[in-house]
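Trainee: This is upload17.cif, which holds mmCIF, C-alpha atoms:
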data_run
loop_
_atom_site.group_PDB
_atom_site.id
_atom_site.type_symbol
_atom_site.label_atom_id
_atom_site.label_comp_id
_atom_site.auth_asym_id
_atom_site.auth_seq_id
_atom_site.Cartn_x
_atom_site.Cartn_y
_atom_site.Cartn_z
ATOM 1 C CA MET A 1 -4.149 -40.606 -54.924
ATOM 2 C CA ARG A 2 -0.590 -39.493 -55.571
ATOM 3 C CA ALA A 3 1.064 -36.690 -53.612
ATOM 4 C CA PHE A 4 4.355 -35.398 -54.983
ATOM 5 C CA ASN A 5 7.572 -36.327 -53.173
ATOM 6 C CA ARG A 6 10.510 -34.081 -54.039
ATOM 7 C CA ARG A 7 13.163 -36.113 -52.192
ATOM 8 C CA TRP A 8 13.044 -39.227 -54.368
ATOM 9 C CA GLY A 9 11.622 -37.657 -57.507
ATOM 10 C CA LYS A 10 8.948 -40.354 -57.534
ATOM 11 C CA ILE A 11 5.221 -40.122 -56.995
ATOM 12 C CA PRO A 12 4.148 -42.821 -54.502
ATOM 13 C CA GLY A 13 0.709 -44.411 -54.901
ATOM 14 C CA LEU A 14 -1.545 -44.247 -51.842
ATOM 15 C CA ALA A 15 -4.713 -46.273 -51.422
ATOM 16 C CA ILE A 16 -7.560 -44.204 -49.989
ATOM 17 C CA TYR A 17 -11.222 -44.839 -49.249
ATOM 18 C CA PHE A 18 -13.765 -42.116 -49.795
ATOM 19 C CA THR A 19 -17.448 -41.272 -49.676
ATOM 20 C CA ILE A 20 -18.979 -39.765 -52.796
ATOM 21 C CA LEU A 21 -20.167 -36.415 -51.513
ATOM 22 C CA TRP A 22 -17.074 -34.573 -52.550
ATOM 23 C CA LEU A 23 -13.604 -36.015 -52.385
ATOM 24 C CA LEU A 24 -12.553 -36.228 -48.758
ATOM 25 C CA VAL A 25 -9.659 -38.286 -47.457
ATOM 26 C CA TRP A 26 -9.293 -39.472 -43.881
ATOM 27 C CA THR A 27 -5.734 -40.209 -42.793
ATOM 28 C CA GLY A 28 -3.418 -40.027 -39.808
ATOM 29 C CA ALA A 29 -2.149 -36.559 -38.925
ATOM 30 C CA GLY A 30 1.484 -37.687 -38.999
ATOM 31 C CA THR A 31 1.387 -39.675 -42.264
ATOM 32 C CA TRP A 32 3.651 -38.752 -45.145
ATOM 33 C CA LYS A 33 0.686 -37.963 -47.414
ATOM 34 C CA ALA A 34 -0.529 -35.352 -44.879
ATOM 35 C CA LYS A 35 2.973 -33.893 -44.568
ATOM 36 C CA ARG A 36 3.399 -33.711 -48.371
ATOM 37 C CA ILE A 37 0.023 -32.008 -48.782
ATOM 38 C CA ARG A 38 0.927 -29.409 -46.147
ATOM 39 C CA ARG A 39 4.083 -28.651 -48.165
ATOM 40 C CA ASP A 40 2.613 -28.918 -51.698
ATOM 41 C CA PRO A 41 -1.164 -29.071 -52.291
ATOM 42 C CA HIS A 42 -0.842 -30.318 -55.901
ATOM 43 C CA VAL A 43 -2.168 -33.923 -56.191
ATOM 44 C CA LEU A 44 -3.128 -36.428 -58.878
ATOM 45 C CA VAL A 45 -6.217 -38.590 -58.306
ATOM 46 C CA ALA A 46 -7.068 -41.821 -60.157
ATOM 47 C CA ALA A 47 -9.204 -44.898 -59.590
ATOM 48 C CA SER A 48 -7.009 -47.597 -58.074
ATOM 49 C CA THR A 49 -6.881 -50.976 -56.399
ATOM 50 C CA MET A 50 -6.759 -51.211 -52.614
ATOM 51 C CA ARG A 51 -2.944 -51.462 -52.878
ATOM 52 C CA GLY A 52 -2.625 -48.172 -54.799
ATOM 53 C CA ARG A 53 -2.168 -49.569 -58.339
ATOM 54 C CA GLU A 54 -3.794 -47.148 -60.751
ATOM 55 C CA ARG A 55 -6.791 -48.358 -62.754
ATOM 56 C CA GLY A 56 -7.914 -45.163 -64.422
ATOM 57 C CA GLN A 57 -7.017 -41.771 -65.808
ATOM 58 C CA ARG A 58 -5.188 -39.307 -63.554
ATOM 59 C CA LEU A 59 -6.957 -36.059 -62.698
ATOM 60 C CA GLU A 60 -5.151 -33.038 -61.262
ATOM 61 C CA GLY A 61 -6.410 -31.478 -58.096
ATOM 62 C CA SER A 62 -5.585 -29.251 -55.191
ATOM 63 C CA ALA A 63 -5.695 -30.622 -51.635
ATOM 64 C CA ARG A 64 -6.036 -28.915 -48.292
ATOM 65 C CA ILE A 65 -6.437 -30.065 -44.724
ATOM 66 C CA VAL A 66 -9.826 -29.028 -43.331
ATOM 67 C CA ASP A 67 -11.425 -28.927 -39.880
ATOM 68 C CA GLY A 68 -15.027 -29.351 -38.863
ATOM 69 C CA ILE A 69 -15.987 -32.229 -41.192
ATOM 70 C CA ASP A 70 -16.657 -35.607 -39.579
ATOM 71 C CA VAL A 71 -15.429 -37.731 -42.472
ATOM 72 C CA LYS A 72 -15.216 -40.771 -40.191
ATOM 73 C CA ALA A 73 -19.007 -40.665 -39.759
ATOM 74 C CA LEU A 74 -19.467 -40.522 -43.540
ATOM 75 C CA ILE A 75 -17.131 -43.484 -44.080
ATOM 76 C CA ARG A 76 -18.761 -45.383 -41.211
ATOM 77 C CA LYS A 77 -22.151 -44.833 -42.869
ATOM 78 C CA LYS A 78 -20.884 -46.085 -46.249
ATOM 79 C CA TYR A 79 -18.727 -49.028 -45.095
ATOM 80 C CA GLY A 80 -20.580 -49.975 -41.887
ATOM 81 C CA TRP A 81 -19.063 -52.979 -40.097
ATOM 82 C CA GLN A 82 -15.812 -52.762 -42.089
ATOM 83 C CA MET A 83 -15.068 -49.274 -40.763
ATOM 84 C CA ARG A 84 -16.051 -50.231 -37.223
ATOM 85 C CA LEU A 85 -13.680 -53.213 -37.437
ATOM 86 C CA LEU A 86 -10.873 -50.965 -38.698
ATOM 87 C CA GLU A 87 -11.459 -48.510 -35.838
ATOM 88 C CA ARG A 88 -11.443 -51.333 -33.304
ATOM 89 C CA PHE A 89 -8.084 -52.726 -34.405
ATOM 90 C CA SER A 90 -6.316 -49.518 -35.425
ATOM 91 C CA ARG A 91 -3.240 -48.450 -33.509
ATOM 92 C CA GLY A 92 -2.878 -45.166 -31.677
ATOM 93 C CA GLY A 93 -5.363 -42.528 -30.716
ATOM 94 C CA ASP A 94 -7.617 -40.305 -32.730
ATOM 95 C CA SER A 95 -4.930 -38.133 -34.337
ATOM 96 C CA SER A 96 -6.404 -37.982 -37.814
ATOM 97 C CA VAL A 97 -6.988 -35.227 -40.353
ATOM 98 C CA THR A 98 -9.462 -34.704 -43.158
ATOM 99 C CA ILE A 99 -8.091 -33.739 -46.560
ATOM 100 C CA GLU A 100 -10.379 -32.101 -49.098
ATOM 101 C CA ILE A 101 -9.471 -32.467 -52.772
ATOM 102 C CA ALA A 102 -10.943 -30.078 -55.322
ATOM 103 C CA ASP A 103 -10.513 -29.601 -59.048
ATOM 104 C CA ARG A 104 -7.445 -27.533 -59.775
#
If you took the structure in this file and wrote it as structure tokens, what would it be?
Mentor:
Amino acid sequence: MRAFNRRWGKIPGLAIYFTILWLLVWTGAGTWKAKRIRRDPHVLVAASTMRGRERGQRLEGSARIVDGIDVKALIRKKYGWQMRLLERFSRGGDSSVTIEIADR
């Protein structure tokens, strides 16, 4: 996923994990991707490596932060022990947000 950054004029690549139900992103509430989406909902989505290097065609979309969806449970169901391990060793509390990405 790429969220536009007006300060540097660049579009930083961000690795995300998702469950194929519709495109939902789980991230920290204070991350730059969440802050950029609050300011500008226009995003580009492409298949990528786990380091954010694009491996496919970019698709335009519109993102918004949503409440009431337990995306962690969906990711836990898909990734099982890997997600539980990530939760065990992650820093900080549970200050995360869910971002929904739809076709523009």
Trainee: Identify, on the basis of all atoms listed in the file, every residue whose closest approach to Ala29 of chain A does not exceed 10 Å; exclude the query and any residue fewer than 4 positions from it along the same chain; express the result as a PyMOL selection string.
Mentor: chain A and resi 33-35+65+94-98
Trainee: Point out the residue among A:Arg51, A:Arg36, A:Arg58, A:Lys77 with the least atom-to-atom distance to Ile99 of chain A, counting all atoms listed in the file.
Mentor: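 Among A:Arg51, A:Arg36, A:Arg58, A:Lys77, it is A:Arg36 that comes nearest to Ile99 of chain A.
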Trainee: Around segment 49-66 of chain A, fit a box with edges along x, y and z, padding it by 4 Å on each side, then list its centre and edge lengths in Å to one decimal as lines of an AutoDock Vina configuration file.
Mentor:
center_x = -6.0
center_y = -40.2
center_z = -54.6
size_x = 15.7
size_y = 30.5
size_z = 30.5
Trainee: Grab the atom CA of Arg64 of chain A to atom CA of Glu100 of chain A distance for me, in Å with one decimal place.
Mentor: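 A separation of 5.4 Å between them.
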Trainee: Give the answer as one residue: which of A:Val71, A:Leu85, A:Leu44, A:Met50 has the shortest atom-to-atom distance to Val25 of chain A, using all atoms listed in the file?
Mentor: A:Val71
Trainee: What's the separation between atom CA of Arg38 of chain A and atom CA of Leu86 of chain A, in Å to one decimal place?
Mentor: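 Between atom CA of Arg38 of chain A and atom CA of Leu86 of chain A the gap works out to 25.7 Å.
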Trainee: With distances taken over only C-alpha atoms, which of A:Ala46, A:Lys72, A:Arg55, A:Pro41 is nearest to Trp26 of chain A?
Mentor: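 Checking each candidate against Trp26 of chain A, we get A:Lys72 as the closest.
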Trainee: State, in Å with one decimal place, the distance from atom CA of Phe89 of chain A to atom CA of Leu74 of chain A.
Mentor: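 These two atoms are separated by 19.0 Å.
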Trainee: For the point (-9.2, -30.2, -54.5) in the file's frame, write as a tab-separated table (two decimals) with C-alpha atoms, in the coordinates of the input all residues with an atom no more than 8 Å away, counting only C-alpha atoms.
Mentor:
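Final output, result_28.tsv:
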chain	number	residue	atom	x	y	z
A	23	LEU	CA	-13.60	-36.02	-52.38
A	61	GLY	CA	-6.41	-31.48	-58.10
A	62	SER	CA	-5.58	-29.25	-55.19
A	63	ALA	CA	-5.70	-30.62	-51.64
A	64	ARG	CA	-6.04	-28.92	-48.29
A	100	GLU	CA	-10.38	-32.10	-49.10
A	101	ILE	CA	-9.47	-32.47	-52.77
A	102	ALA	CA	-10.94	-30.08	-55.32
A	103	ASP	CA	-10.51	-29.60	-59.05
A	104	ARG	CA	-7.44	-27.53	-59.78
Trainee: Identify all residues satisfying the PyMOL selection byres ((chain A and resi 56) around 12) in the given file; provide them as a VMD selection string.
Mentor: chain A and resid 1 44 to 49 52 to 55 57 to 59
